[in-house]
$ cat query_20.cif   # mmCIF, C-alpha atoms
data_run
#
loop_
_atom_site.label_atom_id
_atom_site.label_comp_id
_atom_site.auth_asym_id
_atom_site.auth_seq_id
_atom_site.Cartn_x
_atom_site.Cartn_y
_atom_site.Cartn_z
CA MET A 1 -8.21 -10.26 -35.52
CA SER A 2 -5.13 -8.03 -35.61
CA THR A 3 -3.85 -6.61 -32.35
CA ALA A 4 -0.41 -5.40 -33.36
CA THR A 5 1.00 -3.51 -36.29
CA THR A 6 4.54 -3.27 -37.59
CA GLY A 7 6.56 -1.04 -35.33
CA ASP A 8 4.37 -1.51 -32.27
CA SER A 9 6.16 -2.46 -29.06
CA PHE A 10 3.82 -3.26 -26.17
CA VAL A 11 0.22 -3.99 -27.19
CA HIS A 12 -2.47 -4.48 -24.52
CA PRO A 13 -6.05 -4.89 -25.80
CA ALA A 14 -9.11 -5.87 -23.78
CA LEU A 15 -11.47 -8.39 -25.40
CA PHE A 16 -15.13 -8.01 -24.41
CA TYR A 17 -16.86 -11.33 -25.10
CA ARG A 18 -20.39 -12.66 -24.62
CA GLY A 19 -20.64 -16.43 -24.39
CA GLU A 20 -18.32 -19.24 -25.36
CA GLN A 21 -18.58 -18.71 -29.11
CA GLN A 22 -17.36 -15.11 -28.89
CA TYR A 23 -14.68 -16.19 -26.44
CA THR A 24 -13.16 -18.73 -28.81
CA ALA A 25 -13.65 -16.42 -31.82
CA GLY A 26 -11.62 -13.76 -30.02
CA THR A 27 -8.89 -15.94 -28.54
CA VAL A 28 -8.17 -18.87 -30.86
CA PRO A 29 -7.35 -16.76 -33.96
CA PHE A 30 -5.16 -14.57 -31.72
CA VAL A 31 -3.14 -17.62 -30.69
CA ARG A 32 -2.98 -19.00 -34.22
CA ALA A 33 -1.70 -15.67 -35.56
CA GLY A 34 1.08 -15.70 -32.99
CA LEU A 35 2.10 -19.25 -33.83
CA ALA A 36 2.07 -18.46 -37.55
CA ALA A 37 4.38 -15.50 -36.92
CA GLY A 38 6.82 -17.70 -34.99
CA GLU A 39 6.02 -16.01 -31.66
CA ALA A 40 6.15 -17.70 -28.28
CA VAL A 41 2.56 -17.96 -27.02
CA ALA A 42 1.17 -18.49 -23.52
CA VAL A 43 -2.43 -18.68 -22.33
CA ALA A 44 -3.20 -17.93 -18.66
CA VAL A 45 -6.98 -18.08 -18.15
CA PRO A 46 -9.41 -19.88 -15.79
CA GLY A 47 -9.55 -23.66 -16.24
CA PRO A 48 -12.79 -23.98 -18.26
CA HIS A 49 -11.53 -21.36 -20.71
CA LEU A 50 -8.26 -23.24 -21.09
CA GLU A 51 -10.23 -26.18 -22.39
CA LEU A 52 -12.17 -24.01 -24.86
CA ILE A 53 -8.94 -22.66 -26.34
CA LYS A 54 -7.24 -26.05 -26.41
CA THR A 55 -10.21 -27.56 -28.22
CA GLY A 56 -10.29 -24.70 -30.71
CA LEU A 57 -6.59 -25.05 -31.46
CA GLY A 58 -6.59 -28.80 -31.95
CA SER A 59 -3.11 -30.19 -32.56
CA SER A 60 -1.61 -26.67 -32.50
CA ALA A 61 -2.25 -26.56 -28.74
CA THR A 62 0.97 -28.51 -28.17
CA ASN A 63 2.93 -25.40 -29.17
CA VAL A 64 1.33 -23.18 -26.52
CA ARG A 65 2.11 -22.81 -22.80
CA PHE A 66 -1.14 -23.16 -20.83
CA LEU A 67 -1.61 -21.98 -17.22
CA ASP A 68 -4.71 -22.00 -15.03
CA MET A 69 -5.07 -18.39 -13.89
CA THR A 70 -7.19 -19.37 -10.88
CA GLU A 71 -4.04 -21.05 -9.54
CA VAL A 72 -1.06 -19.05 -10.81
CA GLY A 73 -2.96 -15.75 -10.54
CA ARG A 74 -4.95 -16.31 -7.38
CA ASN A 75 -2.97 -13.38 -5.99
CA PRO A 76 -3.05 -10.71 -8.73
CA GLY A 77 0.25 -9.30 -7.45
CA ARG A 78 2.00 -12.50 -8.50
CA ILE A 79 0.88 -12.36 -12.16
CA ILE A 80 3.37 -9.84 -13.54
CA PRO A 81 6.54 -11.37 -12.06
CA GLY A 82 5.47 -15.01 -11.90
CA VAL A 83 3.44 -15.41 -15.11
CA LEU A 84 3.77 -12.59 -17.64
CA ARG A 85 7.36 -11.45 -17.10
CA ALA A 86 8.51 -15.02 -16.42
CA PHE A 87 7.24 -16.13 -19.83
CA ALA A 88 8.26 -12.99 -21.73
CA ASP A 89 11.76 -12.97 -20.26
CA ALA A 90 12.27 -16.67 -21.03
CA HIS A 91 11.23 -16.29 -24.68
CA GLY A 92 12.27 -12.76 -25.58
CA ASP A 93 15.08 -14.07 -27.80
CA ARG A 94 12.39 -15.23 -30.25
CA GLY A 95 11.18 -11.69 -30.89
CA ARG A 96 7.61 -10.72 -30.05
CA VAL A 97 5.88 -12.69 -27.31
CA ARG A 98 2.11 -13.16 -27.27
CA ILE A 99 0.04 -13.90 -24.13
CA ILE A 100 -3.62 -14.21 -23.20
CA GLY A 101 -4.13 -13.22 -19.58
CA GLU A 102 -7.53 -13.27 -17.86
CA PRO A 103 -7.03 -12.05 -14.27
CA ILE A 104 -10.64 -10.84 -13.75
CA TRP A 105 -13.47 -13.35 -13.98
CA PRO A 106 -16.96 -13.68 -12.45
CA GLY A 107 -16.41 -14.89 -8.91
CA ARG A 108 -13.54 -12.61 -8.00
CA THR A 109 -14.46 -11.11 -4.64
CA ALA A 110 -14.80 -7.45 -3.71
CA VAL A 111 -11.69 -7.85 -1.55
CA GLU A 112 -9.69 -9.22 -4.49
CA TYR A 113 -10.95 -6.84 -7.16
CA PRO A 114 -8.92 -3.69 -6.30
CA ALA A 115 -5.71 -5.72 -6.54
CA CYS A 116 -6.91 -7.16 -9.87
CA VAL A 117 -7.62 -3.82 -11.50
CA GLN A 118 -4.39 -2.29 -10.19
CA HIS A 119 -2.58 -5.25 -11.77
CA GLU A 120 -4.22 -4.51 -15.12
CA ALA A 121 -3.16 -0.88 -14.88
CA LEU A 122 0.40 -1.74 -13.88
CA ILE A 123 0.91 -4.07 -16.85
CA ASN A 124 1.26 -0.98 -19.02
CA SER A 125 4.27 0.26 -17.04
CA ALA A 126 5.77 -3.18 -16.52
CA PHE A 127 5.94 -3.88 -20.27
CA GLN A 128 6.52 -0.41 -21.67
CA ASP A 129 8.65 -0.66 -24.84
CA ARG A 130 8.71 -4.47 -24.68
CA GLU A 131 7.90 -6.55 -27.77
CA VAL A 132 4.91 -8.17 -26.08
CA THR A 133 1.20 -8.46 -26.83
CA ILE A 134 -1.14 -9.28 -23.93
CA LEU A 135 -4.83 -9.86 -24.69
CA CYS A 136 -7.15 -9.66 -21.66
CA PRO A 137 -10.64 -11.20 -22.02
CA TYR A 138 -13.60 -9.75 -20.07
CA ASP A 139 -17.00 -11.45 -19.74
CA ALA A 140 -19.24 -8.57 -20.85
CA ASP A 141 -22.40 -10.49 -19.90
CA ARG A 142 -21.49 -11.43 -16.33
CA LEU A 143 -19.10 -8.76 -15.07
CA GLU A 144 -20.45 -5.55 -13.56
CA PRO A 145 -20.55 -2.39 -15.72
CA GLU A 146 -18.02 -0.80 -13.37
CA VAL A 147 -15.56 -3.60 -14.15
CA LEU A 148 -15.93 -3.02 -17.89
CA ALA A 149 -15.47 0.71 -17.33
CA ASP A 150 -12.23 -0.01 -15.48
CA ALA A 151 -11.13 -2.27 -18.36
CA ARG A 152 -11.52 0.65 -20.74
CA ALA A 153 -9.35 2.74 -18.41
CA THR A 154 -6.58 0.12 -18.12
CA HIS A 155 -6.40 -0.95 -21.79
CA PRO A 156 -5.50 1.42 -24.63
CA VAL A 157 -7.53 -0.67 -27.09
CA VAL A 158 -10.89 -2.44 -26.65
CA ILE A 159 -12.15 -5.22 -28.95
CA ASP A 160 -15.94 -5.54 -28.84
CA GLU A 161 -18.33 -7.13 -31.35
CA ASP A 162 -15.62 -7.46 -34.04
CA THR A 163 -14.59 -3.83 -33.65
CA GLN A 164 -11.17 -2.78 -32.40
CA LEU A 165 -10.97 0.82 -31.28
CA PRO A 166 -8.73 2.99 -29.10
CA SER A 167 -10.24 3.55 -25.66
CA PRO A 168 -10.86 7.26 -24.96
CA ALA A 169 -11.10 6.38 -21.25
CA TYR A 170 -7.57 4.98 -21.11
CA ASP A 171 -5.89 6.33 -17.95
CA PRO A 172 -4.01 3.64 -16.01
CA GLN A 173 -2.39 6.10 -13.61
CA ASP A 174 -5.81 7.29 -12.47
CA VAL A 175 -6.83 3.68 -11.83
CA ILE A 176 -3.69 3.00 -9.77
CA ALA A 177 -4.40 6.09 -7.64
CA ARG A 178 -8.14 5.48 -7.36
CA TYR A 179 -7.72 1.94 -6.05
CA ASN A 180 -5.01 2.93 -3.59
CA GLU A 181 -7.76 2.63 -1.01
CA PRO A 182 -7.39 2.92 2.78
CA LEU A 183 -7.79 -0.52 4.36
CA PRO A 184 -10.35 -0.39 7.18
CA ARG A 185 -9.01 -1.56 10.52
CA PRO A 186 -10.80 -4.79 11.48
CA PRO A 187 -12.48 -4.93 14.88
CA GLY A 188 -10.96 -7.37 17.32
CA ALA A 189 -7.66 -7.92 15.52
CA ALA A 190 -4.73 -8.88 17.75
CA SER A 191 -1.92 -6.34 17.42
CA ILE A 192 1.60 -5.60 18.56
CA SER A 193 3.95 -2.67 17.98
CA PHE A 194 7.58 -3.34 17.11
CA ASP A 195 10.92 -1.72 16.40
CA ALA A 196 14.35 -3.13 15.60
CA GLY A 197 14.80 -4.59 19.06
CA GLU A 198 11.41 -6.32 19.07
CA LEU A 199 11.41 -8.08 15.70
CA PRO A 200 11.75 -11.59 17.22
CA LYS A 201 8.94 -10.83 19.66
CA SER A 202 6.61 -9.61 16.90
CA ARG A 203 7.26 -12.69 14.78
CA TYR A 204 6.64 -15.02 17.71
CA PHE A 205 3.41 -13.13 18.39
CA ALA A 206 2.27 -13.64 14.78
CA VAL A 207 3.00 -17.37 14.85
CA GLN A 208 1.19 -17.87 18.16
CA GLU A 209 -1.89 -15.99 16.95
CA ALA A 210 -1.93 -17.79 13.61
CA GLU A 211 -1.77 -21.18 15.34
CA ARG A 212 -4.58 -20.14 17.64
CA LEU A 213 -6.66 -19.19 14.59
CA GLY A 214 -6.07 -22.56 12.94
CA LEU A 215 -3.14 -22.05 10.58
CA MET A 216 -0.88 -25.10 10.38
CA GLY A 217 1.94 -26.73 8.47
CA VAL A 218 3.30 -25.11 5.33
CA ARG A 219 0.86 -22.24 5.56
CA LEU A 220 2.17 -21.39 9.03
CA GLN A 221 5.71 -21.41 7.64
CA ASP A 222 4.56 -19.09 4.84
CA LEU A 223 3.11 -16.66 7.36
CA THR A 224 6.29 -16.73 9.42
CA LEU A 225 8.41 -15.89 6.39
CA ALA A 226 6.05 -13.14 5.13
CA VAL A 227 5.88 -11.49 8.55
CA ALA A 228 9.67 -11.58 8.85
CA GLU A 229 10.07 -9.88 5.46
CA LEU A 230 7.50 -7.16 6.07
CA THR A 231 8.55 -6.30 9.61
CA THR A 232 12.20 -6.13 8.56
CA ASN A 233 11.24 -3.82 5.69
CA SER A 234 9.42 -1.57 8.16
CA VAL A 235 12.50 -1.28 10.34
CA LEU A 236 14.88 -0.70 7.42
CA HIS A 237 12.71 1.43 5.12
CA GLY A 238 9.54 2.38 6.99
CA GLY A 239 10.72 4.67 9.75
CA GLY A 240 12.24 2.07 12.06
CA SER A 241 9.04 0.77 13.65
CA GLY A 242 5.56 -0.46 12.86
CA THR A 243 2.40 -2.23 13.96
CA LEU A 244 1.54 -5.85 13.21
CA ARG A 245 -2.08 -7.06 13.22
CA ILE A 246 -3.54 -10.52 12.63
CA TRP A 247 -7.10 -11.86 12.46
CA ALA A 248 -9.35 -14.43 10.77
CA GLU A 249 -11.63 -13.47 7.90
CA ASP A 250 -13.89 -16.22 6.55
CA GLU A 251 -11.57 -19.13 5.71
CA ARG A 252 -8.42 -17.03 5.58
CA ILE A 253 -5.93 -15.66 8.06
CA VAL A 254 -5.14 -12.01 7.43
CA CYS A 255 -1.97 -10.31 8.56
CA GLU A 256 -0.98 -6.68 8.04
CA VAL A 257 2.02 -4.52 8.78
CA ARG A 258 1.72 -0.76 8.97
CA ASP A 259 4.65 1.63 9.23
CA HIS A 260 5.52 5.28 8.56
CA GLY A 261 7.20 4.77 5.18
CA ARG A 262 5.91 5.75 1.74
CA LEU A 263 5.86 3.18 -1.07
CA TRP A 264 6.70 5.38 -4.04
CA ASP A 265 7.01 2.69 -6.71
CA PRO A 266 3.65 1.11 -7.68
CA LEU A 267 5.55 -1.83 -9.22
CA ALA A 268 7.44 -2.59 -6.00
CA GLY A 269 7.23 -6.33 -5.38
CA ARG A 270 6.02 -7.02 -8.92
CA ARG A 271 9.34 -7.09 -10.78
CA PRO A 272 11.35 -10.31 -10.99
CA ALA A 273 14.55 -9.94 -9.00
CA SER A 274 17.80 -10.17 -10.96
CA ARG A 275 20.41 -12.62 -9.73
CA ASP A 276 22.86 -9.88 -8.81
CA GLN A 277 20.25 -7.73 -7.03
CA PRO A 278 21.46 -7.25 -3.42
CA GLY A 279 18.01 -6.75 -1.85
CA GLY A 280 14.48 -5.67 -2.59
CA ARG A 281 12.99 -9.16 -2.63
CA GLY A 282 10.85 -8.89 0.51
CA LEU A 283 7.55 -7.73 -0.97
CA LEU A 284 8.10 -9.88 -4.07
CA LEU A 285 8.43 -12.91 -1.82
CA VAL A 286 5.22 -12.00 0.01
CA HIS A 287 3.39 -11.80 -3.34
CA TYR A 288 4.59 -15.30 -4.21
CA ILE A 289 3.61 -16.74 -0.83
CA ALA A 290 0.21 -15.13 -0.25
CA ASP A 291 -3.20 -15.82 -1.76
CA LEU A 292 -3.85 -12.08 -1.90
CA VAL A 293 -1.92 -8.90 -1.09
CA ARG A 294 -3.50 -5.49 -0.61
CA VAL A 295 -1.46 -2.30 -0.26
CA HIS A 296 -2.35 1.23 0.75
CA THR A 297 0.30 3.93 0.80
CA ALA A 298 -0.02 7.60 1.76
CA PRO A 299 2.22 10.43 3.02
CA ASP A 300 1.71 9.30 6.61
CA GLY A 301 2.47 5.62 6.12
CA THR A 302 2.00 2.33 4.29
CA THR A 303 -0.15 -0.68 5.11
CA ILE A 304 0.55 -4.07 3.52
CA ARG A 305 -2.05 -6.76 4.16
CA PHE A 306 -1.71 -10.38 3.07
CA TYR A 307 -4.18 -13.29 3.12
CA LEU A 308 -3.52 -17.00 3.55
CA ALA A 309 -6.10 -19.77 3.25
CA ARG A 310 -6.36 -21.99 6.31
#

$ encode --input "query_20.cif" --output "structure tokens"
Amino acid sequence: MSTATTGDSFVHPALFYRGEQQYTAGTVPFVRAGLAAGEAVAVAVPGPHLELIKTGLGSSATNVRFLDMTEVGRNPGRIIPGVLRAFADAHGDRGRVRIIGEPIWPGRTAVEYPACVQHEALINSAFQDREVTILCPYDADRLEPEVLADARATHPVVIDEDTQLPSPAYDPQDVIARYNEPLPRPPGAASISFDAGELPKSRYFAVQEAERLGLMGVRLQDLTLAVAELTTNSVLHGGGSGTLRIWAEDERIVCEVRDHGRLWDPLAGRRPASRDQPGGRGLLLVHYIADLVRVHTAPDGTTIRFYLAR
């Protein structure tokens, strides 16, 4: 299977597979071709699929970087900076880099999915003009038709049943806009308004509520840090004030910060920070800390919501 031609820069095909045999037939030759070309190769897929690819590669598997996407990509907003860019940036001196990334699998929840599909759309901007190939497998038997339709919109090429064709539905910017969904306000959430003079009070409020809802230890420290970053961003860049809300949802604590700013850059928080960068790490840090981050931005304000497992 060929997914790049001479002169191509960024290549981003979707692989529609049905069953384990098609999965290995679509992924193992892709990895082998990269190794044969001297490319750095990484595979970031759910655990059971890691084992399929490792088995198919045999002894060649020792030359591949393997990552369990259910762990490193639990929060889709972490995948570009923490997985894809991290690997590509570390190995770019070897020429083209080749990655398999499977961020959408059966079992992703309806709450997670909008962040997943926005991630797939944003890959195209994040790697524009980079010498990188990223193959994204999709379970065509078990994923909903709407998910496969979104895959056609976020990938310029679709591989299906041994055919590789340009996707006429390719329109990642439409996907980014379409999934910029308003986040419904939860009933019964505890809330507090804040401005520059009330930042300590708002953070104390968040910690007290999180403890009351059962968050402890390292996870409580994570929440404290994420709240500090987001509330500070609201004061500095979001109109000087905001509203903080916190509540429990299933087995997770959810915290959101809303302010009057507009988040113009869809890749904000998804680019690795350079060492000499003076600021701009707040949302990136939240993506690394949280199990999920959802964002809605509009002319009248921005809401950033993060989830932490209890």

$ resolve_selection --input "query_20.cif" --expression "the PyMOL selection byres ((chain A and resi 303) around 8)" --output "VMD selection string"
chain A and resid 183 256 to 259 295 to 297 301 to 302 304 to 305

$ resolve_selection --input "query_20.cif" --expression "the PyMOL selection byres ((chain A and resi 193) around 7)" --output "ChimeraX atom specification"
/A:191-192,194,242-244

$ write_last_selection --input "query_20.cif" --atoms "C-alpha atoms" --output "PDB file, in the frame of the given file"
ATOM      1  CA  SER A 191      -1.920  -6.340  17.420  1.00  0.00           C
ATOM      2  CA  ILE A 192       1.600  -5.600  18.560  1.00  0.00           C
ATOM      3  CA  PHE A 194       7.580  -3.340  17.110  1.00  0.00           C
ATOM      4  CA  GLY A 242       5.560  -0.460  12.860  1.00  0.00           C
ATOM      5  CA  THR A 243       2.400  -2.230  13.960  1.00  0.00           C
ATOM      6  CA  LEU A 244       1.540  -5.850  13.210  1.00  0.00           C
TER       7      LEU A 244
END

$ closest_residue --input "query_20.cif" --among "A:Phe205, A:Phe306, A:Phe10, A:Phe66" --to "Ile134 of chain A" --atoms "only C-alpha atoms"
A:Phe10

$ residues_around --input "query_20.cif" --residues "Glu249 of chain A" --least-positions-apart "6" --cutoff "10 Å" --atoms "only C-alpha atoms" --output "MDAnalysis selection string"
chainID A and resid 186 307:309

$ closest_residue --input "query_20.cif" --among "A:Gly34, A:Gly239, A:Gly214, A:Gly47" --to "Arg262 of chain A" --atoms "all atoms listed in the file"
A:Gly239

$ residues_near_point --input "query_20.cif" --point "(6.8, -8.7, 10.9)" --cutoff "7 Å" --atoms "all atoms listed in the file" --output "PDB file with C-alpha atoms, in the frame of the given file"
ATOM      1  CA  LEU A 199      11.410  -8.080  15.700  1.00  0.00           C
ATOM      2  CA  SER A 202       6.610  -9.610  16.900  1.00  0.00           C
ATOM      3  CA  ARG A 203       7.260 -12.690  14.780  1.00  0.00           C
ATOM      4  CA  VAL A 227       5.880 -11.490   8.550  1.00  0.00           C
ATOM      5  CA  ALA A 228       9.670 -11.580   8.850  1.00  0.00           C
ATOM      6  CA  GLU A 229      10.070  -9.880   5.460  1.00  0.00           C
ATOM      7  CA  LEU A 230       7.500  -7.160   6.070  1.00  0.00           C
ATOM      8  CA  THR A 231       8.550  -6.300   9.610  1.00  0.00           C
ATOM      9  CA  THR A 232      12.200  -6.130   8.560  1.00  0.00           C
ATOM     10  CA  LEU A 244       1.540  -5.850  13.210  1.00  0.00           C
ATOM     11  CA  VAL A 257       2.020  -4.520   8.780  1.00  0.00           C
TER      12      VAL A 257
END

$ closest_residue --input "query_20.cif" --among "A:Glu120, A:Asp68, A:Asp139, A:Glu39" --to "Asp93 of chain A" --atoms "only C-alpha atoms"
A:Glu39

$ residues_around --input "query_20.cif" --residues "Leu267 of chain A" --least-positions-apart "6" --cutoff "9 Å" --atoms "all atoms listed in the file" --output "PyMOL selection string"
chain A and resi 122+125-126

$ resolve_selection --input "query_20.cif" --expression "the PyMOL selection byres ((chain A and resi 19) around 10)" --output "list of chain:residue names"
A:Tyr17, A:Arg18, A:Glu20, A:Gln21, A:Gln22, A:Tyr23, A:Thr24, A:Asp139, A:Ala140, A:Asp141, A:Arg142

$ axis_aligned_box --input "query_20.cif" --around "segment 43-61 of chain A" --padding-each-side "8 Å" --output "AutoDock Vina command-line options"
--center_x -7.2 --center_y -24.1 --center_z -24.2 --size_x 27.2 --size_y 28.3 --size_z 32.8

$ residues_around --input "query_20.cif" --residues "Gln128 of chain A" --least-positions-apart "5" --cutoff "12 Å" --atoms "all atoms listed in the file" --output "PyMOL selection string"
chain A and resi 8-12+85+121-123+133-134

$ atom_distance --input "query_20.cif" --atom1 "atom CA of Val132 of chain A" --atom2 "atom CA of Val158 of chain A"
16.8 Å

$ build_atoms --input "query_20.cif" --residues "segment 228-238 of chain A" --atoms "all heavy atoms" --output "short mmCIF file (atom, residue, chain, number, x, y, z; two decimals), in the frame of the given file"
data_model
loop_
_atom_site.label_atom_id
_atom_site.label_comp_id
_atom_site.auth_asym_id
_atom_site.auth_seq_id
_atom_site.Cartn_x
_atom_site.Cartn_y
_atom_site.Cartn_z
N ALA A 228 8.27 -11.95 8.68
CA ALA A 228 9.67 -11.58 8.85
C ALA A 228 10.10 -10.58 7.78
O ALA A 228 10.80 -9.60 8.09
CB ALA A 228 10.55 -12.83 8.79
N GLU A 229 9.69 -10.80 6.54
CA GLU A 229 10.07 -9.88 5.46
C GLU A 229 9.45 -8.51 5.66
O GLU A 229 10.12 -7.47 5.52
CB GLU A 229 9.65 -10.47 4.11
CG GLU A 229 10.38 -11.72 3.70
CD GLU A 229 11.84 -11.48 3.40
OE1 GLU A 229 12.23 -10.33 3.14
OE2 GLU A 229 12.62 -12.45 3.43
N LEU A 230 8.17 -8.45 5.97
CA LEU A 230 7.50 -7.16 6.07
C LEU A 230 7.94 -6.37 7.29
O LEU A 230 8.12 -5.15 7.22
CB LEU A 230 5.98 -7.37 6.10
CG LEU A 230 5.35 -7.90 4.81
CD1 LEU A 230 3.84 -8.05 4.97
CD2 LEU A 230 5.67 -7.00 3.61
N THR A 231 8.11 -7.03 8.42
CA THR A 231 8.55 -6.30 9.61
C THR A 231 9.99 -5.80 9.46
O THR A 231 10.32 -4.69 9.90
CB THR A 231 8.42 -7.16 10.88
OG1 THR A 231 9.09 -8.42 10.69
CG2 THR A 231 6.95 -7.43 11.20
N THR A 232 10.84 -6.58 8.82
CA THR A 232 12.20 -6.13 8.56
C THR A 232 12.20 -4.92 7.63
O THR A 232 12.94 -3.95 7.84
CB THR A 232 13.04 -7.26 7.95
OG1 THR A 232 13.10 -8.35 8.89
CG2 THR A 232 14.46 -6.78 7.66
N ASN A 233 11.35 -4.96 6.60
CA ASN A 233 11.24 -3.82 5.69
C ASN A 233 10.80 -2.56 6.44
O ASN A 233 11.27 -1.45 6.15
CB ASN A 233 10.22 -4.12 4.58
CG ASN A 233 10.82 -4.95 3.46
OD1 ASN A 233 12.03 -5.19 3.42
ND2 ASN A 233 9.98 -5.38 2.55
N SER A 234 9.88 -2.72 7.38
CA SER A 234 9.42 -1.57 8.16
C SER A 234 10.56 -0.95 8.95
O SER A 234 10.69 0.27 9.01
CB SER A 234 8.29 -1.98 9.11
OG SER A 234 7.13 -2.32 8.40
N VAL A 235 11.38 -1.79 9.55
CA VAL A 235 12.50 -1.28 10.34
C VAL A 235 13.54 -0.61 9.45
O VAL A 235 14.07 0.46 9.78
CB VAL A 235 13.13 -2.43 11.16
CG1 VAL A 235 14.46 -2.00 11.76
CG2 VAL A 235 12.16 -2.86 12.26
N LEU A 236 13.82 -1.22 8.28
CA LEU A 236 14.88 -0.70 7.42
C LEU A 236 14.42 0.48 6.56
O LEU A 236 15.19 1.40 6.30
CB LEU A 236 15.39 -1.82 6.50
CG LEU A 236 16.09 -2.99 7.19
CD1 LEU A 236 16.50 -4.03 6.15
CD2 LEU A 236 17.30 -2.50 7.97
N HIS A 237 13.15 0.44 6.11
CA HIS A 237 12.71 1.43 5.12
C HIS A 237 11.44 2.18 5.52
O HIS A 237 11.03 3.09 4.79
CB HIS A 237 12.45 0.74 3.78
CG HIS A 237 13.58 -0.13 3.31
ND1 HIS A 237 14.81 0.39 2.95
CD2 HIS A 237 13.67 -1.48 3.16
CE1 HIS A 237 15.61 -0.61 2.59
NE2 HIS A 237 14.94 -1.75 2.70
N GLY A 238 10.83 1.81 6.64
CA GLY A 238 9.54 2.38 6.99
C GLY A 238 9.55 3.20 8.27
O GLY A 238 8.54 3.25 8.97
#
